[in-house]
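> My structure is in upload.txt, and what it holds is compact mmCIF, C-alpha atoms (C1' of nucleotides):
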# COMPACT_ATOMS: atom_id res chain seq x y z
CA MET Z 869 -1.21 0.54 -28.08
CA ARG Z 870 0.20 2.06 -31.25
CA GLN Z 871 -1.79 0.90 -34.21
CA ASP Z 872 1.27 -0.32 -36.06
CA TRP Z 873 2.72 -2.38 -33.17
CA THR Z 874 0.99 -5.48 -31.87
CA SER Z 875 1.61 -6.83 -28.41
CA ALA Z 876 3.73 -9.56 -30.02
CA ASP Z 877 5.84 -6.90 -31.75
CA PHE Z 878 6.61 -5.23 -28.42
CA SER Z 879 7.76 -8.39 -26.68
CA ALA Z 880 9.68 -9.62 -29.73
CA ALA Z 881 11.65 -6.38 -30.03
CA LEU Z 882 12.37 -6.25 -26.32
CA LEU Z 883 13.40 -9.90 -25.99
CA GLU Z 884 15.70 -9.58 -29.00
CA TRP Z 885 17.35 -6.64 -27.24
CA TYR Z 886 17.50 -8.56 -23.95
CA ASP Z 887 19.17 -11.54 -25.62
CA ARG Z 888 22.07 -9.25 -26.53
CA HIS Z 889 22.16 -6.85 -23.56
CA ALA Z 890 20.86 -8.65 -20.46
CA ARG Z 891 22.69 -7.50 -17.35
CA VAL Z 892 24.61 -10.19 -15.50
CA MET Z 893 23.58 -10.63 -11.87
CA PRO Z 894 24.57 -13.21 -9.25
CA TRP Z 895 20.97 -14.41 -8.90
CA ARG Z 896 20.02 -14.31 -12.55
CA ILE Z 897 19.84 -17.07 -15.15
CA GLY Z 898 20.81 -15.36 -18.41
CA PRO Z 899 18.72 -15.73 -21.56
CA ALA Z 900 21.11 -18.26 -23.16
CA GLU Z 901 21.20 -20.48 -20.07
CA ARG Z 902 17.44 -20.26 -19.73
CA LYS Z 903 16.96 -21.35 -23.33
CA ALA Z 904 19.28 -24.25 -22.55
CA GLY Z 905 16.84 -25.31 -19.84
CA VAL Z 906 18.55 -23.99 -16.72
CA ARG Z 907 15.96 -23.02 -14.11
CA PRO Z 908 16.54 -20.27 -11.54
CA ASP Z 909 16.63 -21.15 -7.84
CA PRO Z 910 13.38 -19.72 -6.39
CA TYR Z 911 15.13 -19.09 -3.07
CA ARG Z 912 17.77 -16.89 -4.71
CA ILE Z 913 15.17 -15.07 -6.82
CA TRP Z 914 13.00 -14.40 -3.78
CA LEU Z 915 15.97 -13.27 -1.68
CA SER Z 916 17.23 -10.95 -4.41
CA GLU Z 917 13.78 -9.48 -5.03
CA VAL Z 918 13.27 -8.68 -1.35
CA MET Z 919 16.72 -7.09 -1.15
CA LEU Z 920 16.04 -5.09 -4.31
CA GLN Z 921 12.87 -3.50 -2.94
CA GLN Z 922 13.62 0.25 -3.09
CA THR Z 923 17.32 -0.61 -3.24
CA THR Z 924 19.89 -0.39 -6.02
CA VAL Z 925 21.58 -3.41 -7.58
CA VAL Z 926 24.98 -2.04 -6.54
CA ALA Z 927 23.95 -1.89 -2.89
CA VAL Z 928 22.47 -5.40 -2.97
CA ARG Z 929 25.31 -7.36 -4.58
CA ASP Z 930 27.56 -7.88 -1.53
CA TYR Z 931 24.64 -8.50 0.82
CA PHE Z 932 23.27 -11.14 -1.54
CA ARG Z 933 26.64 -12.84 -1.72
CA ARG Z 934 27.07 -12.90 2.06
CA PHE Z 935 23.51 -14.15 2.67
CA THR Z 936 23.75 -16.97 0.14
CA GLU Z 937 27.18 -18.04 1.39
CA ARG Z 938 25.96 -18.16 4.96
CA TRP Z 939 22.45 -19.47 4.23
CA PRO Z 940 22.56 -21.32 0.88
CA ASP Z 941 18.93 -22.43 0.91
CA VAL Z 942 15.62 -21.59 2.51
CA ALA Z 943 15.93 -24.32 5.15
CA ALA Z 944 19.25 -22.87 6.32
CA LEU Z 945 17.78 -19.38 6.51
CA ALA Z 946 14.71 -20.64 8.35
CA ALA Z 947 16.99 -22.18 10.97
CA ALA Z 948 19.03 -19.00 11.45
CA GLU Z 949 18.90 -16.95 14.62
CA ASP Z 950 16.99 -13.67 14.37
CA ALA Z 951 19.94 -11.62 15.61
CA ALA Z 952 22.26 -13.17 13.01
CA VAL Z 953 19.94 -12.23 10.15
CA MET Z 954 19.42 -8.69 11.46
CA ALA Z 955 23.19 -8.29 11.84
CA GLU Z 956 23.82 -9.49 8.30
CA TRP Z 957 21.19 -7.03 7.01
CA ALA Z 958 22.67 -4.07 8.91
CA GLY Z 959 23.31 -1.14 6.58
CA LEU Z 960 20.91 -2.25 3.85
CA GLY Z 961 17.93 -0.39 5.31
CA TYR Z 962 14.20 -1.04 5.55
CA TYR Z 963 14.79 -3.53 8.34
CA ALA Z 964 11.21 -4.84 8.32
CA ARG Z 965 12.32 -6.63 5.17
CA ALA Z 966 14.82 -8.70 7.17
CA ARG Z 967 12.28 -9.55 9.85
CA ASN Z 968 9.76 -10.59 7.18
CA LEU Z 969 12.44 -12.47 5.25
CA LEU Z 970 13.00 -14.73 8.23
CA LYS Z 971 9.27 -15.17 8.82
CA GLY Z 972 8.88 -15.94 5.12
CA ALA Z 973 11.63 -18.57 5.14
CA ARG Z 974 10.10 -20.22 8.19
CA ALA Z 975 6.66 -20.19 6.55
CA VAL Z 976 8.06 -21.87 3.41
CA VAL Z 977 9.58 -24.60 5.57
CA ALA Z 978 6.67 -25.02 7.99
CA GLU Z 979 3.73 -24.57 5.64
CA HIS Z 980 5.01 -25.45 2.18
CA GLY Z 981 7.34 -28.37 2.83
CA GLY Z 982 10.42 -26.27 2.16
CA ARG Z 983 9.43 -25.42 -1.42
CA PHE Z 984 8.38 -21.96 -2.54
CA PRO Z 985 4.82 -21.54 -3.78
CA ALA Z 986 4.96 -21.39 -7.59
CA THR Z 987 2.01 -19.06 -8.09
CA ARG Z 988 1.46 -15.36 -7.55
CA GLU Z 989 -1.39 -16.11 -5.12
CA GLY Z 990 0.71 -18.57 -3.13
CA LEU Z 991 3.69 -16.23 -2.96
CA LEU Z 992 1.45 -13.37 -1.86
CA THR Z 993 0.77 -15.21 1.40
CA LEU Z 994 4.42 -14.88 2.45
CA PRO Z 995 5.25 -11.96 4.73
CA GLY Z 996 7.20 -9.25 2.93
CA VAL Z 997 5.93 -10.40 -0.46
CA GLY Z 998 3.54 -7.90 -2.03
CA PRO Z 999 2.08 -7.52 -5.53
CA TYR Z 1000 5.38 -6.69 -7.17
CA THR Z 1001 7.52 -9.38 -5.55
CA ALA Z 1002 4.87 -12.10 -5.96
CA ALA Z 1003 4.59 -11.38 -9.68
CA ALA Z 1004 8.36 -11.08 -10.08
CA VAL Z 1005 9.14 -14.39 -8.36
CA ALA Z 1006 6.29 -16.18 -10.15
CA SER Z 1007 7.48 -15.00 -13.54
CA ILE Z 1008 11.27 -15.07 -13.06
CA ALA Z 1009 11.55 -18.25 -10.99
CA PHE Z 1010 8.57 -20.18 -12.40
CA ASP Z 1011 8.01 -18.59 -15.82
CA ALA Z 1012 4.41 -17.72 -15.00
CA PRO Z 1013 2.96 -14.97 -17.24
CA GLU Z 1014 2.36 -12.48 -14.41
CA VAL Z 1015 2.31 -8.72 -14.84
CA VAL Z 1016 5.40 -7.35 -13.14
CA VAL Z 1017 5.18 -3.65 -12.34
CA ASP Z 1018 7.97 -1.93 -10.46
CA GLY Z 1019 9.27 1.61 -10.66
CA ASN Z 1020 11.15 0.84 -13.87
CA VAL Z 1021 8.09 -0.58 -15.57
CA GLU Z 1022 5.98 2.36 -14.46
CA ARG Z 1023 8.44 4.77 -16.04
CA VAL Z 1024 8.80 2.78 -19.29
CA ILE Z 1025 5.05 2.35 -19.73
CA ALA Z 1026 4.24 5.95 -18.81
CA ARG Z 1027 6.55 7.09 -21.60
CA LEU Z 1028 5.60 4.45 -24.13
CA PHE Z 1029 1.94 5.47 -23.92
CA ARG Z 1030 2.42 9.04 -22.73
CA VAL Z 1031 0.46 8.61 -19.52
CA GLU Z 1032 0.14 12.08 -17.98
CA THR Z 1033 -1.59 11.00 -14.78
CA PRO Z 1034 0.82 11.51 -11.86
CA LEU Z 1035 2.00 8.61 -9.71
CA PRO Z 1036 0.83 7.01 -7.55
CA LEU Z 1037 -2.62 7.72 -9.06
CA ALA Z 1038 -1.48 6.32 -12.41
CA LYS Z 1039 -0.63 2.90 -11.00
CA PRO Z 1040 -3.83 1.06 -12.08
CA GLU Z 1041 -3.68 2.59 -15.56
CA LEU Z 1042 -0.01 1.66 -15.95
CA THR Z 1043 -0.64 -1.87 -14.70
CA ALA Z 1044 -3.44 -2.34 -17.24
CA LEU Z 1045 -1.20 -1.12 -20.06
CA ALA Z 1046 1.66 -3.33 -18.85
CA ALA Z 1047 -0.69 -6.31 -18.83
CA ARG Z 1048 -1.42 -5.84 -22.53
CA LEU Z 1049 2.29 -6.17 -23.32
CA THR Z 1050 3.14 -9.15 -21.10
CA PRO Z 1051 3.71 -12.19 -23.34
CA ALA Z 1052 2.83 -15.84 -22.65
CA GLN Z 1053 6.21 -16.88 -24.06
CA ARG Z 1054 9.35 -16.25 -21.96
CA PRO Z 1055 7.53 -14.21 -19.29
CA GLY Z 1056 10.51 -14.48 -16.91
CA ASP Z 1057 12.95 -13.07 -19.44
CA TYR Z 1058 10.40 -10.46 -20.45
CA ALA Z 1059 9.97 -9.24 -16.86
CA GLN Z 1060 13.71 -8.90 -16.39
CA ALA Z 1061 14.01 -7.27 -19.82
CA VAL Z 1062 11.58 -4.44 -19.06
CA MET Z 1063 13.35 -3.75 -15.79
CA ASP Z 1064 16.76 -3.81 -17.50
CA LEU Z 1065 15.40 -1.43 -20.11
CA GLY Z 1066 14.22 0.98 -17.41
CA ALA Z 1067 17.48 0.68 -15.49
CA THR Z 1068 19.88 1.14 -18.40
CA ILE Z 1069 18.10 2.98 -21.26
CA CYS Z 1070 14.75 4.39 -20.17
CA THR Z 1071 16.37 6.05 -17.17
CA PRO Z 1072 14.73 8.77 -15.04
CA ARG Z 1073 16.92 11.55 -16.46
CA SER Z 1074 18.15 11.82 -20.04
CA PRO Z 1075 16.95 8.46 -21.35
CA ALA Z 1076 18.98 6.97 -24.21
CA CYS Z 1077 16.10 6.88 -26.67
CA GLY Z 1078 18.43 6.52 -29.67
CA ILE Z 1079 19.34 2.95 -28.75
CA CYS Z 1080 15.97 1.87 -27.29
CA PRO Z 1081 14.31 -1.18 -28.83
CA TRP Z 1082 10.96 0.55 -28.29
CA ARG Z 1083 11.96 3.97 -29.70
CA ASP Z 1084 9.69 3.67 -32.76
CA PRO Z 1085 6.38 3.08 -30.96
CA CYS Z 1086 7.20 5.36 -27.99
CA ILE Z 1087 4.67 8.21 -27.88
CA ALA Z 1088 6.52 10.33 -25.31
CA ARG Z 1089 9.66 10.18 -27.41
CA ALA Z 1090 7.78 11.11 -30.60
CA GLU Z 1091 6.34 14.13 -28.81
CA GLY Z 1092 9.57 15.06 -26.99
CA VAL Z 1093 8.20 14.75 -23.45
CA GLN Z 1094 9.99 11.56 -22.35
CA ALA Z 1095 12.12 13.27 -19.70
CA GLU Z 1096 9.02 14.74 -18.02
CA LEU Z 1097 7.35 11.38 -17.49
CA PRO Z 1098 6.21 9.79 -15.33
CA ARG Z 1099 4.74 12.75 -13.49
CA LYS Z 1100 4.65 12.50 -9.72
CA LEU Z 1101 2.58 14.10 -6.99
CA PRO Z 1102 4.68 16.48 -4.87
CA LYS Z 1103 6.19 14.95 -1.76
CA ALA Z 1104 5.68 16.22 1.75
CA ALA Z 1105 8.57 18.21 3.22
CA LYS Z 1106 10.72 16.39 5.77
CA PRO Z 1107 10.58 17.87 9.28
CA VAL Z 1108 13.70 17.99 11.45
CA ARG Z 1109 13.72 15.84 14.58
CA ARG Z 1110 16.28 15.95 17.36
CA GLY Z 1111 17.47 13.52 19.95
CA ILE Z 1112 20.35 12.58 22.23
CA LEU Z 1113 22.33 9.37 22.01
CA TYR Z 1114 24.33 8.05 24.98
CA LEU Z 1115 27.56 6.21 24.26
CA ALA Z 1116 29.00 4.62 27.36
CA ARG Z 1117 32.36 2.86 27.23
CA ARG Z 1118 33.41 0.58 30.04
CA ALA Z 1119 37.04 0.44 31.16
CA ASP Z 1120 37.51 -2.89 29.38
CA GLY Z 1121 36.42 -1.28 26.09
CA ALA Z 1122 32.88 -2.67 25.96
CA TRP Z 1123 30.02 -0.36 24.93
CA LEU Z 1124 26.50 -0.10 26.32
CA LEU Z 1125 23.99 -1.16 23.65
CA GLU Z 1126 20.37 -2.15 23.32
CA THR Z 1127 18.30 -4.13 20.86
CA ARG Z 1128 15.60 -1.82 19.58
CA PRO Z 1129 11.92 -2.86 19.77
CA GLU Z 1130 10.74 -5.28 17.08
CA SER Z 1131 8.46 -2.80 15.36
CA GLY Z 1132 8.99 0.76 14.28
CA LEU Z 1133 12.06 2.62 13.10
CA LEU Z 1134 15.21 0.43 12.97
CA GLY Z 1135 13.10 -2.31 14.57
CA GLY Z 1136 15.06 -5.24 15.91
CA MET Z 1137 18.42 -3.58 15.23
CA LEU Z 1138 21.28 -2.80 17.60
CA GLY Z 1139 21.62 0.77 18.81
CA PHE Z 1140 22.91 3.03 21.54
CA PRO Z 1141 20.32 4.05 24.13
CA GLY Z 1142 18.92 7.54 23.85
CA THR Z 1143 15.93 9.86 23.97
CA ASP Z 1144 12.98 9.75 21.63
CA TRP Z 1145 13.52 11.61 18.36
CA THR Z 1146 11.14 14.55 18.40
CA VAL Z 1147 10.55 17.90 16.72
CA GLU Z 1148 10.98 19.63 20.06
CA ALA Z 1149 14.39 19.65 21.74
CA PRO Z 1150 14.80 16.50 23.85
CA GLU Z 1151 15.24 16.38 27.61
CA GLU Z 1152 18.35 14.67 28.95
CA ALA Z 1153 17.60 11.03 29.78
CA PRO Z 1154 20.84 9.13 30.43
CA PRO Z 1155 20.45 5.35 30.66
CA VAL Z 1156 22.81 5.10 33.62
CA ALA Z 1157 24.23 7.47 36.21
CA ALA Z 1158 27.67 8.63 35.07
CA GLU Z 1159 29.68 11.72 34.21
CA TRP Z 1160 28.26 12.38 30.77
CA ARG Z 1161 30.14 14.86 28.63
CA ASP Z 1162 29.39 16.38 25.25
CA PRO Z 1163 32.04 15.39 22.69
CA GLY Z 1164 31.03 18.39 20.62
CA GLY Z 1165 29.77 16.76 17.49
CA GLU Z 1166 26.45 16.12 15.88
CA VAL Z 1167 25.14 13.24 13.79
CA LEU Z 1168 23.15 14.28 10.74
CA HIS Z 1169 21.02 11.61 9.14
CA THR Z 1170 18.02 11.61 6.85
CA PHE Z 1171 15.36 8.93 6.95
CA THR Z 1172 12.56 8.53 4.45
CA HIS Z 1173 10.29 10.97 6.21
CA PHE Z 1174 12.42 13.18 8.47
CA HIS Z 1175 15.85 14.73 8.97
CA LEU Z 1176 17.54 13.79 12.22
CA ARG Z 1177 20.09 15.77 14.24
CA LEU Z 1178 21.54 13.80 17.11
CA ALA Z 1179 23.52 15.29 19.97
CA LEU Z 1180 25.93 12.88 21.64
CA ARG Z 1181 26.93 12.20 25.22
CA VAL Z 1182 29.82 10.00 26.22
CA ALA Z 1183 30.85 8.51 29.55
CA GLU Z 1184 33.45 6.13 30.92
CA LEU Z 1185 32.00 3.39 33.08
CA PRO Z 1186 34.03 1.54 35.72
CA GLU Z 1187 35.15 -2.01 35.03
CA THR Z 1188 32.55 -3.24 37.49
CA ALA Z 1189 29.60 -1.53 35.78
CA ALA Z 1190 26.75 -3.90 34.96
CA PRO Z 1191 24.50 -3.19 31.97
CA THR Z 1192 21.30 -1.38 32.83
CA GLN Z 1193 17.81 -2.70 32.29
CA GLY Z 1194 17.22 -3.61 28.64
CA CYS Z 1195 20.85 -3.03 27.69
CA PHE Z 1196 23.97 -5.14 27.34
CA MET Z 1197 27.68 -4.62 26.83
CA MET Z 1198 29.48 -5.35 23.56
CA LEU Z 1199 33.09 -4.99 22.46
CA SER Z 1200 33.68 -3.11 19.18
CA PRO Z 1201 30.04 -3.07 18.08
CA ALA Z 1202 29.58 -4.18 14.48
CA HIS Z 1203 26.48 -4.59 12.37
CA LEU Z 1204 25.00 -1.26 13.43
CA PRO Z 1205 22.39 0.53 11.32
CA THR Z 1206 23.97 3.52 9.61
CA VAL Z 1207 22.80 6.27 11.96
CA MET Z 1208 24.29 4.36 14.92
CA ARG Z 1209 27.47 3.70 12.96
CA LYS Z 1210 27.85 7.45 12.37
CA ALA Z 1211 27.54 8.15 16.09
CA TYR Z 1212 30.05 5.45 16.94
CA ASP Z 1213 32.57 6.72 14.36
CA LEU Z 1214 32.24 10.29 15.63
CA VAL Z 1215 32.87 9.30 19.23
CA ARG Z 1216 35.80 7.08 18.26
CA ALA Z 1217 37.31 9.98 16.31
CA ASP Z 1218 36.85 12.22 19.35
CA GLN Z 1219 38.58 9.71 21.61
CA ALA Z 1220 41.41 9.29 19.15
CA SER Z 1221 42.08 13.00 18.87
CA ALA Z 1222 41.88 13.39 22.65
CA THR Z 1223 44.48 10.70 23.22
CA GLY Z 1224 46.54 11.50 20.14
CA GLU Z 1225 46.28 7.95 18.89
CA VAL Z 1226 46.03 7.09 15.22
CA GLN Z 1227 42.53 6.02 14.42
CA ALA Z 1228 41.50 3.18 12.17
CA SER Z 1229 39.58 4.62 9.24
CA PRO Z 1230 35.92 4.95 10.10
CA SER Z 1231 33.24 3.34 7.99
CA LYS Z 1232 32.56 4.92 4.65
CA ARG Z 1233 29.00 5.25 5.82
CA SER Z 1234 30.01 8.20 8.03
CA GLY Z 1235 31.09 10.60 5.28
CA LYS Z 1236 29.92 14.18 5.48
CA THR Z 1237 27.00 13.44 7.72
CA THR Z 1238 28.67 14.00 11.01
CA ARG Z 1239 29.68 17.48 11.98
CA ARG Z 1240 32.06 19.12 14.38
CA ARG Z 1241 30.67 22.02 16.32
C1' DG T 830 -5.44 6.40 0.66
C1' DA T 831 -1.91 8.04 3.56
C1' DC T 832 1.88 7.31 5.97
C1' DA T 833 5.89 4.69 8.08
C1' DC T 834 9.88 2.64 6.80
C1' DG T 835 16.82 3.27 5.25
C1' DT T 836 20.43 4.09 2.62
C1' DG T 837 23.97 5.82 -0.62
C1' DG T 838 24.85 7.87 -5.01
C1' DC T 839 24.04 11.45 -8.26
C1' DT T 840 22.89 16.17 -9.98
C1' DT X 1113 23.64 21.15 -1.76
C1' DA X 1114 19.20 19.91 -0.96
C1' DG X 1115 16.54 16.96 -3.25
C1' DC X 1116 15.70 13.06 -6.11
C1' DC X 1117 15.98 8.41 -6.96
C1' DA X 1118 16.38 2.81 -6.63
C1' DA X 1119 13.38 -4.38 -8.54
C1' DG X 1120 7.74 -1.90 -2.43
C1' DT X 1121 5.31 -3.65 1.73
C1' DG X 1122 2.61 -3.28 5.90
C1' DT X 1123 -0.67 -0.93 8.58
Show me, as structure tokens, the structure contained in the file I just sent.


Amino acid sequence: MRQDWTSADFSAALLEWYDRHARVMPWRIGPAERKAGVRPDPYRIWLSEVMLQQTTVVAVRDYFRRFTERWPDVAALAAAEDAAVMAEWAGLGYYARARNLLKGARAVVAEHGGRFPATREGLLTLPGVGPYTAAAVASIAFDAPEVVVDGNVERVIARLFRVETPLPLAKPELTALAARLTPAQRPGDYAQAVMDLGATICTPRSPACGICPWRDPCIARAEGVQAELPRKLPKAAKPVRRGILYLARRADGAWLLETRPESGLLGGMLGFPGTDWTVEAPEEAPPVAAEWRDPGGEVLHTFTHFHLRLALRVAELPETAAPTQGCFMMLSPAHLPTVMRKAYDLVRADQASATGEVQASPSKRSGKTTRRR
DNA sequence: GACACGTGGCT
DNA sequence: TAGCCAAGTGT
């Protein structure tokens, strides 16, 4: 800590800034309301925190609104059908979060009488709630003085104290430094304030140091290295994997779909049947005997740890065709994960151009990531 | 500790 | 444009 700034000075300066510049969010109780005694709804804080894991505020907003309209409290969510929750989560990514969300809601109802645990330790027992989320919910929803360390806080603290150790090695050091700054007064507002600071001022590139409430004590800023911190260990290169997806359309317009296995990539989500996604070129493995043709496009998609190039095959099935083992038929499939949505849009575009019909605009999620050959 | 696990926006 | 980045967790 800088000799001239006490821990109380840090929180005072930040909270004063937060009182004037707090971002407005659908799940948040603003500083003025909080001072007036309004308490946040733990269900909404928990839901928002899970959605915000590795996900931007902009991406979360509409999903949060739809979830809370459909399932206004934890009891309603606990009573929801699995497929309904997975469908509502489609497009948001990291689908294990949705599966754990449902397990977590059911655990709150079954094991905690429908009320969220109010402590970090209690929250940590819920599936999908790790160190960050437990501390965030405890502090934001229950005003417990927990140390909240997310990517924003790591960046802010690394700069404030000029921590040169690369992430993720620096995590313990950053957590210890963050702990020294966490106040006993207004811990919930403080937690949100540090994250707002990281999101709006102490940004990854070109931070706005001139208007930062912590510019004076910031060591990285004083030494001109703020934009280089935090340092990070180099990431592994992403290999390319390939696969084939089979899109079968029955004469009545229904498509052949499957629910993917509960665990693993896109677990529990809807998808078109296909081959495994491997580094080597895949062998043909159609899910049903039919005249499969190549529509001449390719789906390009990048996951966290690999690039994917999917070839497509399409077929028309007779009206009488029954779904094959493990599959079912669905009209105008909605709620697909993005890679499946891209494949669907590409095939629809191909059909439209073949028949000369005007096509409804495909999802925005398809963009430049499909390619004509 | 290392790796699996999505997505869209920005540079 | 290829890569980086965003309120991480589970195994």

> Chain Z residues within 10 Å of chain X, counting only C-alpha atoms (C1' of nucleotides): which ones, as a ChimeraX atom specification?

/Z:916-927,964-965,968,995-1001,1004,1016-1021,1060,1063-1064,1067,1072

> Measure the distance from CA of Arg1109 in chain Z to CA of Glu1166 in chain Z in Å and round it to one decimal.

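Atom-to-atom, CA of Arg1109 in chain Z to CA of Glu1166 in chain Z, that is 12.8 Å.
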
> Can you list every residue of chain T that has an atom at most 6 Å from chain Z, with its nearest atom pair and the distance in Å to one decimal, using all atoms listed in the file, ordered by chain then number, as CSV?


residue,atom,partner,partner_atom,distance
T:DC834,C1',Z:Tyr962,CA,5.8
T:DG835,C1',Z:Gly961,CA,3.8
T:DT836,C1',Z:Gly961,CA,5.8

> Might you pull out every residue within 10 Å of Ala1190 in chain Z, with only C-alpha atoms (C1' of nucleotides) counted and same-chain residues fewer than 5 positions away left off, and present them as a list in words?

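Those residues are Arg1118, Leu1124, Val1156, Leu1185, Cys1195, Phe1196 and Met1197 of chain Z.
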
> What does the structure give for the distance between CA of Glu1091 in chain Z and CA of Ser875 in chain Z, in Å to one decimal?

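Those two atoms sit 21.5 Å apart.
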
> Distance CA of Arg1110 in chain Z-C1' of DG837 in chain T, one decimal place?

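Spanning CA of Arg1110 in chain Z to C1' of DG837 in chain T is a straight-line distance of 22.0 Å.
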
> Excluding Val1024 in chain Z and residues on its chain fewer than 4 positions from it, collect all residues at most 10 Å away from it, counting all atoms listed in the file, and give them as a PyMOL selection string.

chain Z and resi 1019-1020+1028-1030+1042+1046+1062-1063+1065-1067+1069-1072+1082+1086+1088+1094+1097-1098
